[in-house]
file work-v2.csv (CSV, C-alpha atoms)
chain,number,residue,atom,x,y,z
A,9,MET,CA,-295.5,-124.3,188.1
A,10,SER,CA,-295.9,-125.1,184.4
A,11,ALA,CA,-293.2,-126.1,181.9
A,12,CYS,CA,-291.2,-123.5,180.0
A,13,GLN,CA,-293.3,-122.5,177.0
A,14,GLU,CA,-290.4,-122.5,174.5
A,15,TYR,CA,-289.7,-126.1,175.3
A,16,GLU,CA,-293.3,-127.4,175.3
A,17,GLU,CA,-293.3,-129.0,171.8
A,18,GLN,CA,-289.8,-130.2,172.1
A,19,LEU,CA,-290.6,-132.0,175.3
A,20,THR,CA,-293.4,-133.9,173.6
A,21,LEU,CA,-291.1,-134.8,170.7
A,22,HIS,CA,-288.3,-135.8,173.1
A,23,ALA,CA,-290.8,-138.0,175.0
A,24,ALA,CA,-291.5,-139.7,171.7
A,25,GLY,CA,-287.8,-140.1,171.0
A,26,ALA,CA,-288.2,-138.0,167.9
A,27,LEU,CA,-285.5,-135.4,168.4
A,28,GLU,CA,-282.1,-135.5,166.6
A,29,ALA,CA,-279.2,-136.1,168.9
A,30,PRO,CA,-278.0,-132.5,169.3
A,31,GLU,CA,-281.5,-131.3,170.0
A,32,ALA,CA,-282.2,-134.2,172.4
A,33,ALA,CA,-279.0,-133.3,174.3
A,34,ARG,CA,-280.0,-129.7,174.6
A,35,VAL,CA,-283.4,-130.7,175.9
A,36,GLN,CA,-281.9,-133.2,178.3
A,37,GLU,CA,-279.6,-130.6,179.6
A,38,HIS,CA,-282.6,-128.3,180.2
A,39,LEU,CA,-284.5,-131.1,182.0
A,40,ALA,CA,-281.6,-131.6,184.4
A,41,GLY,CA,-282.3,-128.1,185.8
A,42,CYS,CA,-286.0,-127.6,185.3
A,43,ALA,CA,-288.4,-129.7,187.5
A,44,ALA,CA,-291.5,-128.4,185.8
A,45,CYS,CA,-290.3,-129.4,182.3
A,46,ARG,CA,-289.2,-132.8,183.7
A,47,ARG,CA,-292.7,-133.4,185.0
A,48,GLU,CA,-294.1,-132.4,181.6
A,49,TRP,CA,-291.7,-134.7,179.8
A,50,GLU,CA,-292.4,-137.7,182.1
A,51,ALA,CA,-296.2,-137.2,181.8
A,52,SER,CA,-295.9,-137.3,178.0
A,53,ARG,CA,-293.7,-140.4,178.2
A,54,GLU,CA,-296.2,-142.0,180.4
A,55,VAL,CA,-299.2,-141.3,178.2
A,56,LEU,CA,-297.3,-142.4,175.1
A,57,GLY,CA,-296.4,-145.6,176.9
A,58,LEU,CA,-300.0,-146.3,177.7
A,59,ALA,CA,-301.1,-145.5,174.1
A,60,ALA,CA,-298.7,-148.0,172.6
A,61,LEU,CA,-300.1,-151.4,171.7
A,62,PRO,CA,-299.0,-154.6,173.4
A,63,ALA,CA,-296.5,-156.8,171.6
A,64,PRO,CA,-298.0,-158.8,168.7
A,65,SER,CA,-299.3,-162.3,169.6
A,66,GLY,CA,-298.3,-165.5,168.0
A,67,ALA,CA,-301.4,-165.3,165.8
A,68,GLU,CA,-300.4,-161.9,164.6
A,69,GLN,CA,-296.9,-163.1,163.8
A,70,ALA,CA,-298.5,-165.8,161.7
A,71,VAL,CA,-300.6,-163.3,159.9
A,72,LEU,CA,-297.5,-161.3,159.1
A,73,GLU,CA,-295.7,-164.4,157.7
A,74,ALA,CA,-298.6,-165.4,155.5
A,75,LEU,CA,-299.5,-161.9,154.2
A,76,PRO,CA,-297.3,-161.8,151.0
A,77,ARG,CA,-298.6,-165.2,149.8
A,78,GLN,CA,-302.3,-164.4,150.7
A,79,ALA,CA,-302.2,-161.0,149.2
A,80,ALA,CA,-300.8,-162.2,145.9
A,81,ARG,CA,-303.4,-165.0,145.8
A,82,ALA,CA,-306.2,-162.5,146.5
A,83,TRP,CA,-305.0,-160.3,143.7
A,84,ARG,CA,-305.0,-163.1,141.2
A,85,ALA,CA,-308.5,-164.2,142.3
A,86,GLU,CA,-309.7,-160.6,141.8
A,87,GLN,CA,-308.2,-160.4,138.3
A,88,VAL,CA,-310.1,-163.6,137.4
A,89,ARG,CA,-313.4,-162.2,138.7
A,90,ARG,CA,-312.8,-159.0,136.8
A,91,ALA,CA,-312.1,-160.7,133.6
A,92,ARG,CA,-315.2,-162.8,133.9
A,93,ARG,CA,-317.3,-159.6,134.6
A,94,TRP,CA,-315.9,-158.0,131.4
A,95,ARG,CA,-316.7,-161.1,129.4
A,96,TYR,CA,-320.3,-161.0,130.6
A,97,ALA,CA,-320.5,-157.3,130.0
A,98,GLY,CA,-319.2,-157.7,126.5
A,99,ALA,CA,-321.7,-160.5,125.7
A,100,GLY,CA,-324.5,-158.3,127.1
A,101,LEU,CA,-323.5,-155.4,125.0
A,102,ALA,CA,-323.4,-157.5,121.9
A,103,ALA,CA,-326.8,-158.9,122.6
A,104,ALA,CA,-328.2,-155.4,123.2
A,105,ALA,CA,-326.7,-154.1,119.9
A,106,ALA,CA,-328.3,-157.1,118.1
A,107,VAL,CA,-331.7,-156.3,119.6
A,108,VAL,CA,-331.4,-152.6,118.6
A,109,LEU,CA,-330.6,-153.6,115.0
A,110,VAL,CA,-333.5,-156.0,114.8
A,111,VAL,CA,-335.9,-153.4,116.3
A,112,LEU,CA,-334.8,-150.7,113.9
A,113,VAL,CA,-334.4,-152.8,110.7
A,114,GLU,CA,-337.5,-154.9,110.9
A,115,PRO,CA,-340.2,-152.1,110.6
A,116,GLY,CA,-338.5,-150.8,107.5
A,117,GLN,CA,-338.5,-154.2,105.9
A,118,ARG,CA,-342.2,-154.8,106.8
A,119,SER,CA,-343.4,-151.5,105.4
A,120,GLY,CA,-341.3,-152.1,102.3
A,121,SER,CA,-340.8,-148.4,101.8
A,122,PRO,CA,-338.7,-148.1,98.6
A,123,GLU,CA,-337.6,-144.5,99.2
A,124,THR,CA,-335.3,-145.3,102.1
A,125,PRO,CA,-333.7,-148.6,101.5
A,126,GLY,CA,-331.1,-149.3,104.1
A,127,ALA,CA,-331.5,-146.0,105.7
A,128,ARG,CA,-332.7,-147.4,109.0
A,129,GLU,CA,-329.9,-149.9,109.0
A,130,TRP,CA,-327.5,-147.1,108.6
A,131,VAL,CA,-329.0,-145.2,111.5
A,132,ALA,CA,-328.9,-148.4,113.6
A,133,VAL,CA,-325.2,-149.0,112.7
A,134,GLU,CA,-324.4,-145.4,113.5
A,135,ALA,CA,-326.3,-145.7,116.8
A,136,GLU,CA,-324.4,-148.8,117.6
A,137,ALA,CA,-321.1,-147.2,116.7
A,138,GLU,CA,-321.9,-144.3,118.9
A,139,LEU,CA,-322.8,-146.6,121.7
A,140,GLY,CA,-319.6,-148.5,121.3
A,141,GLN,CA,-317.6,-145.2,121.2
A,142,ALA,CA,-319.4,-144.0,124.3
A,143,GLU,CA,-318.6,-147.3,126.0
A,144,ALA,CA,-315.0,-147.0,124.9
A,145,LEU,CA,-314.5,-143.3,125.7
A,146,SER,CA,-316.3,-143.1,129.0
A,147,PRO,CA,-313.8,-145.2,131.0
A,148,LEU,CA,-311.0,-143.5,129.1
A,149,GLU,CA,-312.2,-140.1,130.2
A,150,GLN,CA,-312.7,-141.4,133.7
A,151,TRP,CA,-309.2,-142.9,133.7
A,152,ALA,CA,-307.6,-139.7,132.5
A,153,ALA,CA,-309.4,-137.6,135.1
A,154,ALA,CA,-309.3,-139.8,138.1
A,155,ASP,CA,-307.0,-139.6,141.1
A,156,PRO,CA,-305.4,-143.1,141.2
A,157,LEU,CA,-305.7,-143.1,145.0
A,158,ALA,CA,-309.3,-141.8,145.2
A,159,GLU,CA,-311.0,-145.1,144.6
A,160,ALA,CA,-308.7,-147.0,147.0
A,161,LEU,CA,-309.6,-144.5,149.7
A,162,THR,CA,-313.3,-144.2,149.0
A,163,GLU,CA,-315.6,-145.3,151.7
A,164,ALA,CA,-319.2,-146.3,151.5
A,165,GLU,CA,-320.0,-145.5,155.0
A,166,GLN,CA,-322.5,-143.7,156.6
A,167,GLU,CA,-323.7,-143.7,160.0
A,168,PRO,CA,-321.8,-141.5,162.4
A,169,VAL,CA,-320.8,-143.1,165.7
A,170,ALA,CA,-322.1,-140.9,168.4
A,171,GLU,CA,-319.4,-141.6,171.0
A,172,GLU,CA,-316.5,-141.1,168.7
A,173,GLY,CA,-315.8,-137.4,168.5
A,174,GLY,CA,-312.6,-137.9,166.5
A,175,LEU,CA,-314.1,-140.3,164.0
A,176,GLU,CA,-317.2,-138.3,163.4
A,177,GLU,CA,-315.4,-135.4,161.8
A,178,LEU,CA,-313.4,-137.6,159.4
A,179,GLU,CA,-314.6,-136.7,156.0
A,180,PRO,CA,-314.3,-139.5,153.5
A,181,SER,CA,-312.6,-137.4,150.9
A,182,PHE,CA,-309.0,-138.1,150.4
A,183,ASN,CA,-308.2,-135.7,147.6
A,184,GLU,CA,-306.2,-133.7,150.0
A,185,TYR,CA,-303.4,-136.2,149.6
A,186,GLU,CA,-301.8,-133.8,147.1
A,187,GLY,CA,-302.6,-130.8,149.3
A,188,GLU,CA,-301.0,-129.2,152.2
A,189,GLY,CA,-301.7,-130.4,155.7
A,190,GLU,CA,-303.9,-128.2,157.8
A,191,THR,CA,-303.1,-126.9,161.2
A,192,PRO,CA,-304.8,-128.5,164.1
B,8,MET,CA,-285.5,-143.1,164.5
B,9,PRO,CA,-288.4,-144.6,166.4
B,10,ALA,CA,-288.3,-144.3,170.1
B,11,ALA,CA,-287.2,-147.5,171.7
B,12,GLY,CA,-289.1,-147.4,174.9
B,13,PHE,CA,-292.8,-147.0,174.2
B,14,VAL,CA,-293.1,-147.8,170.6
B,15,GLY,CA,-295.0,-151.0,170.5
B,16,GLY,CA,-295.4,-151.2,166.8
B,17,VAL,CA,-294.9,-154.5,165.0
B,18,ASN,CA,-291.6,-153.2,163.7
B,19,ALA,CA,-290.2,-152.9,167.2
B,20,VAL,CA,-291.0,-156.5,168.0
B,21,LEU,CA,-290.7,-158.5,164.8
B,22,ALA,CA,-287.1,-157.6,164.1
B,23,GLN,CA,-288.2,-156.3,160.8
B,24,PRO,CA,-287.5,-152.6,160.6
B,25,VAL,CA,-289.8,-150.4,158.7
B,26,VAL,CA,-288.2,-149.4,155.4
B,27,MET,CA,-287.9,-145.6,155.6
B,28,ALA,CA,-289.1,-143.5,152.7
B,29,ALA,CA,-286.4,-142.6,150.3
B,30,ALA,CA,-286.1,-142.1,146.6
B,31,GLY,CA,-284.4,-145.5,146.4
B,32,GLY,CA,-287.2,-147.2,148.3
B,33,GLU,CA,-289.9,-145.7,146.1
B,34,ALA,CA,-288.0,-146.6,143.0
B,35,GLU,CA,-287.7,-150.2,144.2
B,36,ASP,CA,-291.4,-150.3,145.0
B,37,GLU,CA,-292.2,-149.0,141.6
B,38,ALA,CA,-289.9,-151.6,140.0
B,39,LEU,CA,-291.7,-154.3,141.9
B,40,CYS,CA,-295.1,-153.0,140.9
B,41,ARG,CA,-294.1,-152.9,137.3
B,42,ALA,CA,-292.5,-156.4,137.4
B,43,PHE,CA,-295.7,-157.9,139.0
B,44,LEU,CA,-298.0,-156.2,136.5
B,45,ALA,CA,-295.8,-157.4,133.7
B,46,GLY,CA,-296.1,-161.0,135.0
B,47,ASP,CA,-293.5,-161.6,137.6
B,48,GLU,CA,-295.5,-163.6,140.1
B,49,GLY,CA,-293.2,-163.2,143.0
B,50,ALA,CA,-292.8,-159.4,142.7
B,51,PHE,CA,-296.0,-158.5,144.6
B,52,GLY,CA,-295.0,-160.9,147.4
B,53,ARG,CA,-291.7,-159.1,147.8
B,54,LEU,CA,-293.5,-155.7,147.7
B,55,VAL,CA,-295.8,-156.9,150.5
B,56,GLU,CA,-292.8,-158.2,152.5
B,57,ARG,CA,-291.2,-154.7,152.4
B,58,HIS,CA,-294.2,-153.0,154.0
B,59,ARG,CA,-296.2,-155.7,155.8
B,60,ALA,CA,-294.8,-154.8,159.2
B,61,LEU,CA,-295.9,-151.1,158.9
B,62,VAL,CA,-299.3,-152.0,157.5
B,63,LEU,CA,-300.1,-154.5,160.2
B,64,SER,CA,-298.8,-152.2,162.9
B,65,LEU,CA,-301.3,-149.6,161.7
B,66,VAL,CA,-304.4,-151.8,161.3
B,67,ARG,CA,-304.0,-153.8,164.6
B,68,ARG,CA,-305.0,-150.7,166.7
B,69,TYR,CA,-308.4,-150.9,165.1
B,70,THR,CA,-309.0,-154.6,165.1
B,71,GLU,CA,-309.8,-157.2,167.7
B,72,ARG,CA,-308.8,-160.3,165.9
B,73,PRO,CA,-305.7,-161.2,163.9
B,74,GLU,CA,-307.9,-162.4,161.1
B,75,ASP,CA,-309.4,-158.9,160.8
B,76,ALA,CA,-306.0,-157.3,160.8
B,77,ALA,CA,-304.9,-159.8,158.1
B,78,ASP,CA,-308.0,-158.9,156.1
B,79,LEU,CA,-307.5,-155.2,156.4
B,80,ALA,CA,-303.8,-155.4,155.6
B,81,GLN,CA,-304.5,-157.5,152.5
B,82,GLN,CA,-307.2,-155.1,151.3
B,83,ALA,CA,-304.8,-152.2,151.8
B,84,PHE,CA,-302.1,-153.9,149.6
B,85,LEU,CA,-304.6,-154.8,146.9
B,86,ARG,CA,-306.0,-151.2,146.8
B,87,ALA,CA,-302.6,-149.7,146.8
B,88,LEU,CA,-301.5,-152.0,144.0
B,89,GLU,CA,-304.6,-151.1,142.0
B,90,ALA,CA,-304.0,-147.4,142.5
B,91,SER,CA,-300.4,-148.0,141.5
B,92,ARG,CA,-301.5,-149.7,138.3
B,93,ARG,CA,-303.6,-146.7,137.4
B,94,LEU,CA,-300.7,-144.4,138.0
B,95,LEU,CA,-298.3,-146.5,136.0
B,96,GLU,CA,-300.6,-146.7,133.1
B,97,ARG,CA,-300.3,-142.9,132.7
B,98,TRP,CA,-297.5,-140.9,131.3
B,99,ARG,CA,-295.8,-139.2,134.2
B,100,PRO,CA,-293.2,-136.5,133.7
B,101,GLY,CA,-291.3,-137.5,136.8
B,102,GLY,CA,-291.4,-138.6,140.4
B,103,ALA,CA,-291.5,-142.1,141.8
B,104,LEU,CA,-294.5,-144.1,142.9
B,105,PRO,CA,-295.3,-143.4,146.5
B,106,PHE,CA,-296.5,-146.9,147.2
B,107,ARG,CA,-295.5,-147.0,150.9
B,108,ALA,CA,-297.3,-143.7,151.6
B,109,TRP,CA,-300.4,-144.9,149.8
B,110,VAL,CA,-300.6,-148.3,151.5
B,111,ALA,CA,-300.1,-146.7,154.9
B,112,ARG,CA,-302.8,-144.2,154.2
B,113,ILE,CA,-305.2,-146.8,152.9
B,114,ALA,CA,-304.5,-148.9,155.9
B,115,LEU,CA,-305.4,-146.1,158.3
B,116,ASN,CA,-308.5,-145.5,156.4
B,117,LEU,CA,-309.6,-149.1,156.4
B,118,GLY,CA,-308.8,-149.3,160.1
B,119,ARG,CA,-311.0,-146.4,160.8
B,120,ARG,CA,-313.8,-147.9,158.8
B,121,HIS,CA,-313.5,-151.2,160.5
B,122,LEU,CA,-313.6,-149.5,163.9
B,123,ARG,CA,-316.8,-147.7,162.9
B,124,GLN,CA,-318.3,-151.1,162.2
B,125,ARG,CA,-317.2,-152.8,165.4
B,126,LEU,CA,-315.9,-151.0,168.4
B,127,ARG,CA,-314.1,-153.4,170.6
B,128,TRP,CA,-311.0,-153.2,172.7
B,129,ARG,CA,-311.3,-156.1,175.1
B,130,ARG,CA,-308.2,-157.9,173.7
B,131,VAL,CA,-306.0,-154.9,174.3
B,132,GLU,CA,-307.2,-154.7,177.9
B,133,LEU,CA,-306.6,-158.4,178.6
B,134,VAL,CA,-303.1,-158.4,177.1
B,135,ALA,CA,-302.2,-155.3,179.0
B,136,VAL,CA,-303.1,-157.0,182.3
B,137,GLU,CA,-301.0,-160.0,181.4
B,138,GLU,CA,-298.0,-157.9,180.5
B,139,ALA,CA,-298.2,-155.8,183.6
B,140,SER,CA,-298.5,-158.9,185.8
B,141,ALA,CA,-295.4,-160.3,184.1
B,142,GLN,CA,-293.4,-157.3,185.2
B,143,GLY,CA,-294.0,-158.2,188.9
B,144,GLU,CA,-296.6,-155.6,189.7
B,145,SER,CA,-299.3,-156.5,192.1
B,146,ALA,CA,-302.7,-157.6,190.8
B,147,GLN,CA,-304.2,-154.3,191.8
B,148,GLU,CA,-301.5,-152.3,190.2
B,149,ALA,CA,-301.8,-154.4,187.0
B,150,LEU,CA,-305.5,-153.8,186.9
B,151,GLU,CA,-305.1,-150.1,187.4
B,152,ARG,CA,-302.4,-149.9,184.7
B,153,ALA,CA,-304.6,-151.9,182.3
B,154,GLU,CA,-307.5,-149.6,183.0
B,155,GLN,CA,-305.4,-146.6,182.3
B,156,ALA,CA,-304.1,-148.1,179.1
B,157,ARG,CA,-307.6,-149.0,178.0
B,158,ARG,CA,-308.6,-145.4,178.6
B,159,VAL,CA,-305.7,-144.0,176.7
B,160,ARG,CA,-306.1,-146.3,173.7
B,161,ALA,CA,-309.8,-145.5,173.6
B,162,ALA,CA,-308.9,-141.8,173.7
B,163,VAL,CA,-306.5,-142.3,170.8
B,164,LEU,CA,-309.4,-143.5,168.6
B,165,THR,CA,-311.4,-140.4,169.4
B,166,LEU,CA,-308.7,-137.9,168.5
B,167,PRO,CA,-309.3,-135.6,165.5
B,168,ARG,CA,-308.3,-137.4,162.3
B,169,ARG,CA,-305.0,-135.8,161.6
B,170,GLN,CA,-303.8,-136.0,165.2
B,171,ARG,CA,-304.8,-139.7,165.3
B,172,GLU,CA,-303.1,-140.5,162.0
B,173,VAL,CA,-299.9,-138.7,163.0
B,174,LEU,CA,-299.9,-140.4,166.4
B,175,ALA,CA,-300.5,-143.8,164.9
B,176,LEU,CA,-297.8,-143.5,162.3
B,177,ARG,CA,-295.4,-142.5,165.0
B,178,VAL,CA,-296.4,-144.8,167.9
B,179,ASP,CA,-297.6,-147.8,165.9
B,180,GLY,CA,-295.6,-147.4,162.7
B,181,GLY,CA,-292.5,-146.0,164.2
B,182,LEU,CA,-292.1,-143.5,161.3
B,183,SER,CA,-289.9,-140.4,161.5
B,184,PHE,CA,-291.8,-137.1,161.2
B,185,LYS,CA,-290.3,-136.6,157.8
B,186,ASP,CA,-291.9,-139.9,156.7
B,187,ILE,CA,-295.2,-139.1,158.4
B,188,ALA,CA,-295.3,-135.8,156.6
B,189,LEU,CA,-294.7,-137.5,153.3
B,190,THR,CA,-297.4,-140.1,154.0
B,191,LEU,CA,-300.0,-137.6,155.0
B,192,GLY,CA,-299.1,-134.9,152.5
B,193,MET,CA,-298.3,-132.2,155.1
B,194,THR,CA,-295.2,-130.4,156.2
B,195,GLU,CA,-292.9,-132.0,158.8
B,196,ASN,CA,-293.5,-129.1,161.2
B,197,ASN,CA,-297.3,-129.6,160.8
B,198,ALA,CA,-296.9,-133.2,161.6
B,199,LYS,CA,-295.0,-132.3,164.8
B,200,VAL,CA,-297.6,-129.8,165.8
B,201,HIS,CA,-300.4,-132.4,165.3
B,202,PHE,CA,-298.5,-134.9,167.4
B,203,HIS,CA,-297.9,-132.4,170.2
B,204,HIS,CA,-301.6,-131.5,170.3
B,205,ALA,CA,-302.5,-135.2,170.2
B,206,VAL,CA,-300.4,-135.9,173.2
B,207,LYS,CA,-301.7,-132.9,175.1
B,208,ARG,CA,-305.3,-134.0,174.4
B,209,LEU,CA,-304.6,-137.5,175.5
B,210,ARG,CA,-303.1,-136.3,178.7
B,211,ALA,CA,-306.0,-134.0,179.3
B,212,GLN,CA,-308.5,-136.8,178.7
B,213,VAL,CA,-306.7,-139.3,180.8
B,214,GLY,CA,-306.4,-136.8,183.6
B,215,ALA,CA,-310.1,-136.0,183.4
B,216,GLY,CA,-310.9,-139.7,183.5
B,217,ALA,CA,-308.7,-140.3,186.5
B,218,GLU,CA,-310.3,-137.5,188.4
B,219,GLU,CA,-313.8,-138.8,187.6
B,220,SER,CA,-312.9,-142.4,188.8
B,221,GLU,CA,-311.5,-141.2,192.1
B,222,PRO,CA,-313.9,-141.6,195.0
call {"tool": "encode", "arguments": {"input": "work-v2.csv", "output": "structure tokens"}}
result
Amino acid sequence: MSACQEYEEQLTLHAAGALEAPEAARVQEHLAGCAACRREWEASREVLGLAALPAPSGAEQAVLEALPRQAARAWRAEQVRRARRWRYAGAGLAAAAAVVLVVLVEPGQRSGSPETPGAREWVAVEAEAELGQAEALSPLEQWAAADPLAEALTEAEQEPVAEEGGLEELEPSFNEYEGEGETP
Amino acid sequence: MPAAGFVGGVNAVLAQPVVMAAAGGEAEDEALCRAFLAGDEGAFGRLVERHRALVLSLVRRYTERPEDAADLAQQAFLRALEASRRLLERWRPGGALPFRAWVARIALNLGRRHLRQRLRWRRVELVAVEEASAQGESAQEALERAEQARRVRAAVLTLPRRQREVLALRVDGGLSFKDIALTLGMTENNAKVHFHHAVKRLRAQVGAGAEESEP
């Protein structure tokens, strides 16, 4: 004999201790008189007990204690690395702009064309300005459009694991954070 | 309220209850984020303290070694902080920063990725044997129980994504279904349905496994 259909989900939630007191009392009362539902409830309790992880070890406790300090230290280290990368990128950009200027200005000077004095310089400066603007706007546009959580949840993985049915179907997109949950 | 009996999450053991989601909690998280980004060195540590039990309880299911759990938890906090910084840089008409939901979600995601890289559950099995033995069971019973637990925990990791996430947030994190719904961006009823299906599926898998192993 199977459990009463109208109690099915409630029994699972009760097994997880997730029902509010009045609802739990109602289910408990039903369990007292229904052996099939009692078996269902006990089976769910059993499987949830098996699914639970063992108590944390001493090493895991130590990890917990150290985490705030280590996370703050890692954040600071990351900021230093990032600042260094920006400095290098800035220096590289300046060097590239200087090369562009030299390349564009030099031929004009060598040919000595009198009709366009400074024209190439102006073009070069314009090009540099556009480049600078593009460099400045691109991150801004990205920043304005980006989901703040998207990058944090982005995965760079690949290869599906054949024996993990549940993991295989996990798409790496997390944009549904804002969306409604789907039914199973 | 988390169930007392089976919930083996860090929060149940470390006497450090998971802070439930509430407008006040989110506002406090946001204040700590802002303070840290404005130069208050200790604010990030306090933010981590508020949510470390939850985050570690979520990542340990996917890891074998405490160092890996520490690494994943740390990454989760750094990513959540970075995402928070991006959000705080913008003009927002209203609503608090959902830091806890974000860090939990990121932790689940990092755990899954870690698992893909290295599938190992030996530690869980060994600890389960020790625990069962301590309760006065015979060695044979302890081994059978450990084998069952190993099978169920392995089955948890093969659940469809939403079912696994809901189950982990409930069983490992000890969150209420309201908080689970907030964390995963679904309705509370949906979260309950996912949980119910997850338990049904685990029972079916474990039942099938037990039948196969019988002589």
call {"tool": "atom_distance", "arguments": {"input": "work-v2.csv", "atom1": "CA of Gly181 (chain B)", "atom2": "CA of Arg93 (chain B)"}}
result
29.0 Å
call {"tool": "atom_distance", "arguments": {"input": "work-v2.csv", "atom1": "CA of Arg67 (chain B)", "atom2": "CA of Asp36 (chain B)"}}
result
23.6 Å
call {"tool": "closest_residue", "arguments": {"input": "work-v2.csv", "among": "B:Glu56, B:Glu195, B:Glu37, B:Asp179", "to": "Ala103 (chain B)", "atoms": "all atoms listed in the file"}}
result
B:Glu37
call {"tool": "atom_distance", "arguments": {"input": "work-v2.csv", "atom1": "CA of Val88 (chain A)", "atom2": "CA of Ala45 (chain B)"}}
result
16.0 Å
call {"tool": "closest_residue", "arguments": {"input": "work-v2.csv", "among": "B:Ala198, B:Leu88, B:Ala108, B:Val66", "to": "Phe43 (chain B)", "atoms": "all atoms listed in the file"}}
result
B:Leu88
call {"tool": "closest_residue", "arguments": {"input": "work-v2.csv", "among": "A:Glu14, A:Glu37, A:Glu31, A:Glu68", "to": "chain B", "atoms": "all atoms listed in the file"}}
result
A:Glu68
call {"tool": "closest_residue", "arguments": {"input": "work-v2.csv", "among": "B:Glu48, B:Leu63, B:Cys40, B:Arg177", "to": "Arg81 (chain A)", "atoms": "all atoms listed in the file"}}
result
B:Glu48
call {"tool": "closest_residue", "arguments": {"input": "work-v2.csv", "among": "B:Leu54, B:Ala80, B:Ala114, B:Met193", "to": "chain A", "atoms": "only C-alpha atoms"}}
result
B:Met193
call {"tool": "closest_residue", "arguments": {"input": "work-v2.csv", "among": "B:Val213, B:Leu95, B:Leu39, B:Ala111", "to": "Asp186 (chain B)", "atoms": "only C-alpha atoms"}}
result
B:Ala111
call {"tool": "residues_around", "arguments": {"input": "work-v2.csv", "residues": "His203 (chain B)", "least_positions_apart": "5", "cutoff": "8 Å", "atoms": "all atoms listed in the file", "output": "compact mmCIF listing (two decimals) with C-alpha atoms, in the frame of the given file"}}
result
# COMPACT_ATOMS: atom_id res chain seq x y z
CA GLU A 17 -293.30 -129.00 171.80
CA THR A 20 -293.40 -133.90 173.60
CA LEU A 21 -291.10 -134.80 170.70
call {"tool": "residues_around", "arguments": {"input": "work-v2.csv", "residues": "Asp75 (chain B)", "least_positions_apart": "6", "cutoff": "10 Å", "atoms": "only C-alpha atoms", "output": "list in words"}}
result
Val71 of chain A; Val66, Arg67, Tyr69, Gln81, Gly118 and His121 of chain B
call {"tool": "write_last_selection", "arguments": {"input": "work-v2.csv", "atoms": "C-alpha atoms", "output": "short mmCIF file (atom, residue, chain, number, x, y, z; two decimals), in the coordinates of the input"}}
result
data_model
loop_
_atom_site.label_atom_id
_atom_site.label_comp_id
_atom_site.auth_asym_id
_atom_site.auth_seq_id
_atom_site.Cartn_x
_atom_site.Cartn_y
_atom_site.Cartn_z
CA VAL A 71 -300.60 -163.30 159.90
CA VAL B 66 -304.40 -151.80 161.30
CA ARG B 67 -304.00 -153.80 164.60
CA TYR B 69 -308.40 -150.90 165.10
CA GLN B 81 -304.50 -157.50 152.50
CA GLY B 118 -308.80 -149.30 160.10
CA HIS B 121 -313.50 -151.20 160.50
#
call {"tool": "residues_around", "arguments": {"input": "work-v2.csv", "residues": "Leu56 (chain A)", "least_positions_apart": "5", "cutoff": "12 Å", "atoms": "all atoms listed in the file", "output": "ChimeraX atom specification"}}
result
/A:20-25,49-51,61 /B:10-15,155-156,159-160,162-163,174-175,177-179,202-203,205-210,213
